[in-house]
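See below for query.cif, which holds mmCIF, C-alpha atoms.
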```cif
data_my_file
loop_
_atom_site.label_atom_id
_atom_site.label_comp_id
_atom_site.auth_asym_id
_atom_site.auth_seq_id
_atom_site.Cartn_x
_atom_site.Cartn_y
_atom_site.Cartn_z
CA MET A 20 19.99 36.10 141.63
CA TYR A 21 19.93 33.52 138.86
CA ARG A 22 17.04 33.26 136.42
CA LEU A 23 15.88 30.60 134.01
CA THR A 24 13.15 31.25 131.47
CA ALA A 25 11.23 28.72 129.41
CA SER A 26 9.42 30.15 126.39
CA TYR A 27 6.92 27.76 124.82
CA ARG A 28 5.87 27.87 121.18
CA HIS A 29 2.16 27.77 120.37
CA PRO A 30 0.89 24.21 120.86
CA ALA A 31 -1.47 22.40 118.51
CA ASP A 32 -3.93 22.03 121.40
CA PRO A 33 -3.68 25.03 123.76
CA GLU A 34 -6.29 23.69 126.18
CA ALA A 35 -4.49 20.37 126.56
CA PHE A 36 -1.21 22.25 127.07
CA LEU A 37 -2.64 24.41 129.82
CA ARG A 38 -4.39 21.50 131.52
CA HIS A 39 -1.14 19.55 131.67
CA TYR A 40 0.87 22.62 132.64
CA ARG A 41 -1.42 23.53 135.53
CA THR A 42 -1.99 20.06 136.90
CA VAL A 43 1.39 18.40 136.32
CA HIS A 44 4.20 20.72 135.27
CA ASP A 45 3.46 23.62 137.64
CA PRO A 46 3.42 21.48 140.82
CA LEU A 47 6.40 19.47 139.55
CA THR A 48 8.38 22.66 139.03
CA ARG A 49 7.41 24.01 142.42
CA SER A 50 8.74 20.83 144.04
CA MET A 51 12.27 21.58 142.82
CA PRO A 52 14.73 22.16 145.69
CA GLY A 53 16.28 25.63 146.00
CA LEU A 54 13.64 27.29 143.83
CA ASP A 55 13.09 30.77 145.26
CA ALA A 56 10.26 31.80 142.94
CA PHE A 57 8.26 30.45 140.04
CA GLU A 58 5.84 32.32 137.84
CA TRP A 59 4.40 31.94 134.38
CA GLY A 60 1.89 33.59 132.14
CA ILE A 61 0.06 33.31 128.85
CA CYS A 62 1.58 35.77 126.38
CA GLU A 63 -0.40 38.56 124.80
CA THR A 64 0.29 41.52 122.53
CA PRO A 65 -0.92 45.13 122.61
CA ASP A 66 -2.62 44.78 119.23
CA GLY A 67 -4.09 41.32 119.68
CA SER A 68 -1.77 39.72 117.12
CA THR A 69 -0.28 36.29 117.82
CA PRO A 70 2.73 36.62 120.14
CA PRO A 71 5.96 34.71 119.37
CA TYR A 72 5.38 32.37 122.30
CA PHE A 73 2.31 30.89 123.95
CA VAL A 74 3.57 30.72 127.53
CA VAL A 75 6.65 32.06 129.29
CA ALA A 76 7.81 30.83 132.69
CA VAL A 77 10.50 32.28 134.95
CA LEU A 78 12.34 30.29 137.63
CA THR A 79 14.42 32.15 140.20
CA PHE A 80 17.33 30.77 142.21
CA ALA A 81 19.80 32.37 144.62
CA ASP A 82 22.77 31.80 142.33
CA ARG A 83 24.17 29.58 139.57
CA GLU A 84 25.16 26.82 141.98
CA ALA A 85 21.65 26.63 143.43
CA ALA A 86 20.15 26.59 139.93
CA PHE A 87 22.37 23.81 138.62
CA GLY A 88 21.88 21.76 141.77
CA SER A 89 18.12 22.12 141.47
CA LEU A 90 18.06 21.25 137.77
CA GLY A 91 20.17 18.20 138.47
CA SER A 92 17.98 17.00 141.34
CA GLU A 93 15.38 14.25 140.93
CA ALA A 94 12.56 16.81 140.72
CA GLY A 95 14.54 18.89 138.24
CA GLN A 96 15.15 15.89 136.02
CA ARG A 97 11.48 14.90 136.21
CA GLY A 98 10.49 18.44 135.25
CA ALA A 99 12.81 18.43 132.26
CA ALA A 100 11.54 15.01 131.17
CA ASP A 101 7.93 16.17 131.56
CA MET A 102 8.42 18.78 128.83
CA ALA A 103 8.17 15.95 126.30
CA ASN A 104 4.54 15.55 127.41
CA PHE A 105 3.30 19.03 126.46
CA ALA A 106 6.05 21.09 124.76
CA MET A 107 6.10 19.24 121.46
CA ALA A 108 5.77 22.53 119.56
CA GLY A 109 9.12 23.67 120.94
CA VAL A 110 10.55 25.50 123.91
CA GLU A 111 13.51 27.82 124.26
CA VAL A 112 15.28 27.91 127.59
CA THR A 113 17.53 30.73 128.71
CA GLN A 114 19.51 31.06 131.92
CA TRP A 115 21.50 33.97 133.21
CA GLU A 116 22.84 35.74 136.25
CA ALA A 117 20.52 38.72 136.73
CA GLN A 118 22.13 42.14 136.73
CA THR A 119 19.87 44.52 138.57
CA SER A 120 22.17 47.49 139.06
CA MET B 223 2.33 41.78 138.39
CA TYR B 224 2.89 42.27 134.69
CA ARG B 225 6.10 41.19 132.98
CA LEU B 226 7.71 41.99 129.69
CA THR B 227 10.74 40.12 128.41
CA ALA B 228 13.04 41.06 125.56
CA SER B 229 15.20 38.20 124.23
CA TYR B 230 17.99 39.35 121.94
CA ARG B 231 19.53 37.17 119.24
CA HIS B 232 23.33 36.95 119.05
CA PRO B 233 24.67 40.18 117.55
CA ALA B 234 27.42 40.41 114.95
CA ASP B 235 29.47 42.50 117.39
CA PRO B 236 28.76 41.41 120.98
CA GLU B 237 31.06 44.04 122.50
CA ALA B 238 29.37 46.87 120.63
CA PHE B 239 25.98 45.50 121.65
CA LEU B 240 26.91 45.41 125.34
CA ARG B 241 28.53 48.84 125.24
CA HIS B 242 25.39 50.37 123.77
CA TYR B 243 23.12 48.36 126.04
CA ARG B 244 24.94 49.39 129.21
CA THR B 245 25.48 53.04 128.38
CA VAL B 246 22.29 53.89 126.46
CA HIS B 247 19.54 51.28 126.58
CA ASP B 248 19.81 50.34 130.24
CA PRO B 249 19.50 53.93 131.55
CA LEU B 250 16.83 54.70 128.96
CA THR B 251 14.79 51.71 130.12
CA ARG B 252 15.21 52.64 133.76
CA SER B 253 13.81 56.10 133.01
CA MET B 254 10.45 54.61 131.99
CA PRO B 255 7.60 55.70 134.28
CA GLY B 256 5.86 53.02 136.31
CA LEU B 257 8.69 50.51 135.92
CA ASP B 258 8.87 48.54 139.17
CA ALA B 259 11.94 46.49 138.31
CA PHE B 260 14.40 45.98 135.48
CA GLU B 261 17.03 43.31 135.15
CA TRP B 262 18.94 41.65 132.38
CA GLY B 263 21.68 39.12 131.89
CA ILE B 264 23.95 37.50 129.36
CA CYS B 265 22.69 34.00 128.59
CA GLU B 266 24.74 30.90 129.24
CA THR B 267 24.23 27.16 129.06
CA PRO B 268 25.27 24.34 131.39
CA ASP B 269 27.44 22.69 128.72
CA GLY B 270 28.98 25.85 127.26
CA SER B 271 27.12 25.55 123.95
CA THR B 272 25.69 28.67 122.32
CA PRO B 273 22.37 29.63 123.95
CA PRO B 274 19.37 30.58 121.77
CA TYR B 275 19.66 34.21 122.83
CA PHE B 276 22.53 36.51 123.72
CA VAL B 277 20.80 38.68 126.31
CA VAL B 278 17.44 38.48 128.06
CA ALA B 279 15.87 41.43 129.89
CA VAL B 280 12.82 41.43 132.16
CA LEU B 281 10.72 44.52 132.89
CA THR B 282 8.20 44.41 135.73
CA PHE B 283 5.11 46.58 136.15
CA ALA B 284 2.26 46.57 138.65
CA ASP B 285 -0.34 45.57 136.07
CA ARG B 286 -1.23 45.67 132.38
CA GLU B 287 -2.41 49.29 132.56
CA ALA B 288 0.87 50.45 134.09
CA ALA B 289 2.85 48.51 131.48
CA PHE B 290 0.95 49.90 128.50
CA GLY B 291 1.09 53.42 129.89
CA SER B 292 4.83 53.11 130.38
CA LEU B 293 5.45 51.66 126.94
CA GLY B 294 3.43 54.47 125.42
CA SER B 295 5.25 57.21 127.32
CA GLU B 296 7.98 59.30 125.76
CA ALA B 297 10.69 57.25 127.49
CA GLY B 298 8.98 54.02 126.44
CA GLN B 299 8.81 55.13 122.83
CA ARG B 300 12.46 56.21 122.92
CA GLY B 301 13.44 52.84 124.35
CA ALA B 302 11.56 50.98 121.62
CA ALA B 303 13.13 53.17 118.94
CA ASP B 304 16.59 52.63 120.43
CA MET B 305 16.35 48.91 119.69
CA ALA B 306 17.11 49.74 116.07
CA ASN B 307 20.56 50.86 117.23
CA PHE B 308 21.74 47.54 118.65
CA ALA B 309 19.17 44.76 118.13
CA MET B 310 19.67 44.32 114.39
CA ALA B 311 20.11 40.57 114.83
CA GLY B 312 16.56 40.32 116.14
CA VAL B 313 14.65 40.49 119.38
CA GLU B 314 11.57 38.68 120.58
CA VAL B 315 9.34 40.46 123.05
CA THR B 316 6.82 38.72 125.29
CA GLN B 317 4.40 40.21 127.76
CA TRP B 318 2.10 38.53 130.21
CA GLU B 319 0.28 38.81 133.50
CA ALA B 320 2.38 36.79 135.93
CA GLN B 321 0.61 33.94 137.70
CA THR B 322 2.48 33.18 140.88
CA SER B 323 -0.02 30.99 142.73
#
```
How would this structure read if it were set down as structure tokens?
Amino acid sequence: MYRLTASYRHPADPEAFLRHYRTVHDPLTRSMPGLDAFEWGICETPDGSTPPYFVVAVLTFADREAAFGSLGSEAGQRGAADMANFAMAGVEVTQWEAQTS
Amino acid sequence: MYRLTASYRHPADPEAFLRHYRTVHDPLTRSMPGLDAFEWGICETPDGSTPPYFVVAVLTFADREAAFGSLGSEAGQRGAADMANFAMAGVEVTQWEAQTS
């Protein structure tokens, strides 16, 4: 199982970020070929302080080959390009082969 | 489903980090009550450049209540304290209710 996470810094306009994320980036991501699962959430902290990121998303693929193929597909390229429309505050992407045992 | 991620900055001694992580922190984390799933991986990039983090781990709980109860348990507290033994380079923790639909 291969995972990719995208951790988004706090945007200047959180409502505009979420509106774009829900209506454009979420469906665009879900249209990527070979994507086994997609989830995301708005970060919180136990004490109510500001978390390091605003939103974290996790994409799941069968393996590295499936992930790279998906990211290189037309939908994958459109998703990457779309980040310029809402992730101006910054985003950190990680990718890794998940070790579950 | 409630997720917690721990993203570790690149350590001064990667081998020592991984040795401690595999032999101490991994089993300690897995001993946490109410933990539905635990996985982690060593980050990589498509072009071989240095990724923003060295290791990312994802903990999965049924819901926020289960997560907070687990983090507050003896094993949870020991796991948090253990970070001082290998995560000196820094770690960013996020937690969020996963939206999958």
Over all C-alpha pairs taken in sequence order, what does chain B look like after a least-squares fit onto chain A? Please give it as a PDB file with C-alpha atoms, in the frame of the given file.
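New file result-v2.pdb:
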```pdb
ATOM      1  CA  MET B 223      19.985  36.101 141.608  1.00  0.00           C
ATOM      2  CA  TYR B 224      19.931  33.521 138.854  1.00  0.00           C
ATOM      3  CA  ARG B 225      17.045  33.252 136.405  1.00  0.00           C
ATOM      4  CA  LEU B 226      15.880  30.611 134.013  1.00  0.00           C
ATOM      5  CA  THR B 227      13.148  31.243 131.472  1.00  0.00           C
ATOM      6  CA  ALA B 228      11.232  28.713 129.417  1.00  0.00           C
ATOM      7  CA  SER B 229       9.413  30.158 126.381  1.00  0.00           C
ATOM      8  CA  TYR B 230       6.924  27.762 124.828  1.00  0.00           C
ATOM      9  CA  ARG B 231       5.879  27.885 121.180  1.00  0.00           C
ATOM     10  CA  HIS B 232       2.158  27.778 120.365  1.00  0.00           C
ATOM     11  CA  PRO B 233       0.898  24.222 120.860  1.00  0.00           C
ATOM     12  CA  ALA B 234      -1.466  22.393 118.527  1.00  0.00           C
ATOM     13  CA  ASP B 235      -3.931  22.026 121.410  1.00  0.00           C
ATOM     14  CA  PRO B 236      -3.685  25.035 123.747  1.00  0.00           C
ATOM     15  CA  GLU B 237      -6.293  23.682 126.173  1.00  0.00           C
ATOM     16  CA  ALA B 238      -4.486  20.374 126.565  1.00  0.00           C
ATOM     17  CA  PHE B 239      -1.215  22.236 127.058  1.00  0.00           C
ATOM     18  CA  LEU B 240      -2.650  24.418 129.828  1.00  0.00           C
ATOM     19  CA  ARG B 241      -4.393  21.502 131.520  1.00  0.00           C
ATOM     20  CA  HIS B 242      -1.150  19.549 131.677  1.00  0.00           C
ATOM     21  CA  TYR B 243       0.866  22.607 132.641  1.00  0.00           C
ATOM     22  CA  ARG B 244      -1.426  23.536 135.522  1.00  0.00           C
ATOM     23  CA  THR B 245      -2.008  20.066 136.910  1.00  0.00           C
ATOM     24  CA  VAL B 246       1.379  18.404 136.318  1.00  0.00           C
ATOM     25  CA  HIS B 247       4.199  20.718 135.278  1.00  0.00           C
ATOM     26  CA  ASP B 248       3.459  23.602 137.621  1.00  0.00           C
ATOM     27  CA  PRO B 249       3.419  21.468 140.806  1.00  0.00           C
ATOM     28  CA  LEU B 250       6.390  19.456 139.558  1.00  0.00           C
ATOM     29  CA  THR B 251       8.379  22.652 139.029  1.00  0.00           C
ATOM     30  CA  ARG B 252       7.409  24.000 142.425  1.00  0.00           C
ATOM     31  CA  SER B 253       8.743  20.821 144.039  1.00  0.00           C
ATOM     32  CA  MET B 254      12.277  21.589 142.826  1.00  0.00           C
ATOM     33  CA  PRO B 255      14.724  22.171 145.695  1.00  0.00           C
ATOM     34  CA  GLY B 256      16.280  25.609 146.001  1.00  0.00           C
ATOM     35  CA  LEU B 257      13.649  27.287 143.828  1.00  0.00           C
ATOM     36  CA  ASP B 258      13.103  30.772 145.255  1.00  0.00           C
ATOM     37  CA  ALA B 259      10.280  31.792 142.940  1.00  0.00           C
ATOM     38  CA  PHE B 260       8.269  30.442 140.032  1.00  0.00           C
ATOM     39  CA  GLU B 261       5.834  32.295 137.842  1.00  0.00           C
ATOM     40  CA  TRP B 262       4.410  31.939 134.389  1.00  0.00           C
ATOM     41  CA  GLY B 263       1.884  33.579 132.137  1.00  0.00           C
ATOM     42  CA  ILE B 264       0.068  33.314 128.849  1.00  0.00           C
ATOM     43  CA  CYS B 265       1.580  35.762 126.369  1.00  0.00           C
ATOM     44  CA  GLU B 266      -0.399  38.561 124.793  1.00  0.00           C
ATOM     45  CA  THR B 267       0.300  41.514 122.540  1.00  0.00           C
ATOM     46  CA  PRO B 268      -0.930  45.112 122.614  1.00  0.00           C
ATOM     47  CA  ASP B 269      -2.626  44.794 119.211  1.00  0.00           C
ATOM     48  CA  GLY B 270      -4.086  41.308 119.669  1.00  0.00           C
ATOM     49  CA  SER B 271      -1.766  39.708 117.107  1.00  0.00           C
ATOM     50  CA  THR B 272      -0.263  36.292 117.822  1.00  0.00           C
ATOM     51  CA  PRO B 273       2.747  36.617 120.153  1.00  0.00           C
ATOM     52  CA  PRO B 274       5.978  34.713 119.384  1.00  0.00           C
ATOM     53  CA  TYR B 275       5.379  32.373 122.308  1.00  0.00           C
ATOM     54  CA  PHE B 276       2.311  30.894 123.958  1.00  0.00           C
ATOM     55  CA  VAL B 277       3.560  30.723 127.539  1.00  0.00           C
ATOM     56  CA  VAL B 278       6.645  32.061 129.295  1.00  0.00           C
ATOM     57  CA  ALA B 279       7.807  30.807 132.700  1.00  0.00           C
ATOM     58  CA  VAL B 280      10.504  32.270 134.945  1.00  0.00           C
ATOM     59  CA  LEU B 281      12.339  30.286 137.626  1.00  0.00           C
ATOM     60  CA  THR B 282      14.436  32.147 140.188  1.00  0.00           C
ATOM     61  CA  PHE B 283      17.335  30.774 142.224  1.00  0.00           C
ATOM     62  CA  ALA B 284      19.802  32.371 144.619  1.00  0.00           C
ATOM     63  CA  ASP B 285      22.782  31.797 142.337  1.00  0.00           C
ATOM     64  CA  ARG B 286      24.177  29.606 139.567  1.00  0.00           C
ATOM     65  CA  GLU B 287      25.156  26.829 141.988  1.00  0.00           C
ATOM     66  CA  ALA B 288      21.644  26.629 143.428  1.00  0.00           C
ATOM     67  CA  ALA B 289      20.141  26.590 139.930  1.00  0.00           C
ATOM     68  CA  PHE B 290      22.377  23.812 138.623  1.00  0.00           C
ATOM     69  CA  GLY B 291      21.884  21.761 141.768  1.00  0.00           C
ATOM     70  CA  SER B 292      18.130  22.126 141.453  1.00  0.00           C
ATOM     71  CA  LEU B 293      18.067  21.268 137.768  1.00  0.00           C
ATOM     72  CA  GLY B 294      20.152  18.196 138.474  1.00  0.00           C
ATOM     73  CA  SER B 295      17.961  16.997 141.336  1.00  0.00           C
ATOM     74  CA  GLU B 296      15.386  14.266 140.923  1.00  0.00           C
ATOM     75  CA  ALA B 297      12.555  16.813 140.731  1.00  0.00           C
ATOM     76  CA  GLY B 298      14.539  18.900 138.248  1.00  0.00           C
ATOM     77  CA  GLN B 299      15.166  15.903 136.030  1.00  0.00           C
ATOM     78  CA  ARG B 300      11.495  14.911 136.219  1.00  0.00           C
ATOM     79  CA  GLY B 301      10.476  18.433 135.261  1.00  0.00           C
ATOM     80  CA  ALA B 302      12.804  18.437 132.256  1.00  0.00           C
ATOM     81  CA  ALA B 303      11.530  15.026 131.168  1.00  0.00           C
ATOM     82  CA  ASP B 304       7.922  16.173 131.559  1.00  0.00           C
ATOM     83  CA  MET B 305       8.431  18.771 128.832  1.00  0.00           C
ATOM     84  CA  ALA B 306       8.152  15.952 126.312  1.00  0.00           C
ATOM     85  CA  ASN B 307       4.526  15.561 127.408  1.00  0.00           C
ATOM     86  CA  PHE B 308       3.309  19.028 126.443  1.00  0.00           C
ATOM     87  CA  ALA B 309       6.049  21.098 124.767  1.00  0.00           C
ATOM     88  CA  MET B 310       6.101  19.251 121.448  1.00  0.00           C
ATOM     89  CA  ALA B 311       5.773  22.529 119.552  1.00  0.00           C
ATOM     90  CA  GLY B 312       9.111  23.659 120.953  1.00  0.00           C
ATOM     91  CA  VAL B 313      10.536  25.498 123.913  1.00  0.00           C
ATOM     92  CA  GLU B 314      13.495  27.808 124.251  1.00  0.00           C
ATOM     93  CA  VAL B 315      15.272  27.906 127.579  1.00  0.00           C
ATOM     94  CA  THR B 316      17.528  30.740 128.711  1.00  0.00           C
ATOM     95  CA  GLN B 317      19.506  31.082 131.896  1.00  0.00           C
ATOM     96  CA  TRP B 318      21.511  33.979 133.200  1.00  0.00           C
ATOM     97  CA  GLU B 319      22.835  35.754 136.252  1.00  0.00           C
ATOM     98  CA  ALA B 320      20.507  38.713 136.723  1.00  0.00           C
ATOM     99  CA  GLN B 321      22.137  42.138 136.726  1.00  0.00           C
ATOM    100  CA  THR B 322      19.874  44.522 138.565  1.00  0.00           C
ATOM    101  CA  SER B 323      22.185  47.492 139.120  1.00  0.00           C
TER     102      SER B 323
END
```
Give me, please, the distance in Å between CA of Val74 in chain A and CA of Tyr27 in chain A, quoted to one decimal.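 One can read the CA of Val74 in chain A to CA of Tyr27 in chain A distance as 5.2 Å.
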In Å, rounded to a single decimal, give me how far CA of Val246 in chain B is from CA of Cys265 in chain B.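 So the two atoms, CA of Cys265 in chain B and CA of Val246 in chain B, lie 20.0 Å apart.
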Hey, what's within 9 Å of range 299-303 of chain B if we count all atoms listed in the file and toss same-chain stuff fewer than 4 positions away? As a PyMOL selection string, please? chain B and resi 247+250-251+254+292-295+307
When the cut-off is 10 Å and we count all atoms listed in the file, which residues of chain B are near chain A, given as a PyMOL selection string? chain B and resi 224-227+229+248+259-268+273-280+286+290+314-323
Once you have the residues from the selection above, write them out as a PDB file, in the frame of the given file, restricted to C-alpha atoms.
```pdb
ATOM      1  CA  TYR B 224       2.890  42.270 134.690  1.00  0.00           C
ATOM      2  CA  ARG B 225       6.100  41.190 132.980  1.00  0.00           C
ATOM      3  CA  LEU B 226       7.710  41.990 129.690  1.00  0.00           C
ATOM      4  CA  THR B 227      10.740  40.120 128.410  1.00  0.00           C
ATOM      5  CA  SER B 229      15.200  38.200 124.230  1.00  0.00           C
ATOM      6  CA  ASP B 248      19.810  50.340 130.240  1.00  0.00           C
ATOM      7  CA  ALA B 259      11.940  46.490 138.310  1.00  0.00           C
ATOM      8  CA  PHE B 260      14.400  45.980 135.480  1.00  0.00           C
ATOM      9  CA  GLU B 261      17.030  43.310 135.150  1.00  0.00           C
ATOM     10  CA  TRP B 262      18.940  41.650 132.380  1.00  0.00           C
ATOM     11  CA  GLY B 263      21.680  39.120 131.890  1.00  0.00           C
ATOM     12  CA  ILE B 264      23.950  37.500 129.360  1.00  0.00           C
ATOM     13  CA  CYS B 265      22.690  34.000 128.590  1.00  0.00           C
ATOM     14  CA  GLU B 266      24.740  30.900 129.240  1.00  0.00           C
ATOM     15  CA  THR B 267      24.230  27.160 129.060  1.00  0.00           C
ATOM     16  CA  PRO B 268      25.270  24.340 131.390  1.00  0.00           C
ATOM     17  CA  PRO B 273      22.370  29.630 123.950  1.00  0.00           C
ATOM     18  CA  PRO B 274      19.370  30.580 121.770  1.00  0.00           C
ATOM     19  CA  TYR B 275      19.660  34.210 122.830  1.00  0.00           C
ATOM     20  CA  PHE B 276      22.530  36.510 123.720  1.00  0.00           C
ATOM     21  CA  VAL B 277      20.800  38.680 126.310  1.00  0.00           C
ATOM     22  CA  VAL B 278      17.440  38.480 128.060  1.00  0.00           C
ATOM     23  CA  ALA B 279      15.870  41.430 129.890  1.00  0.00           C
ATOM     24  CA  VAL B 280      12.820  41.430 132.160  1.00  0.00           C
ATOM     25  CA  ARG B 286      -1.230  45.670 132.380  1.00  0.00           C
ATOM     26  CA  PHE B 290       0.950  49.900 128.500  1.00  0.00           C
ATOM     27  CA  GLU B 314      11.570  38.680 120.580  1.00  0.00           C
ATOM     28  CA  VAL B 315       9.340  40.460 123.050  1.00  0.00           C
ATOM     29  CA  THR B 316       6.820  38.720 125.290  1.00  0.00           C
ATOM     30  CA  GLN B 317       4.400  40.210 127.760  1.00  0.00           C
ATOM     31  CA  TRP B 318       2.100  38.530 130.210  1.00  0.00           C
ATOM     32  CA  GLU B 319       0.280  38.810 133.500  1.00  0.00           C
ATOM     33  CA  ALA B 320       2.380  36.790 135.930  1.00  0.00           C
ATOM     34  CA  GLN B 321       0.610  33.940 137.700  1.00  0.00           C
ATOM     35  CA  THR B 322       2.480  33.180 140.880  1.00  0.00           C
ATOM     36  CA  SER B 323      -0.020  30.990 142.730  1.00  0.00           C
TER      37      SER B 323
END
```
Applied to this file, what does the PyMOL selection byres ((chain B and resi 310) around 10) return in terms of residues, put as a list in words?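 Here the PyMOL selection byres ((chain B and resi 310) around 10) matches Tyr230, Arg231, His232, Pro233, Ala234, Phe239, Met305, Ala306, Asn307, Phe308, Ala309, Ala311, Gly312 and Val313 of chain B.
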I would like the residues chosen by the PyMOL selection byres ((chain B and resi 283) around 7) on the shown file; could you give them as an MDAnalysis selection string? chainID B and resid 223:225 256:258 281:282 284:285 288:289
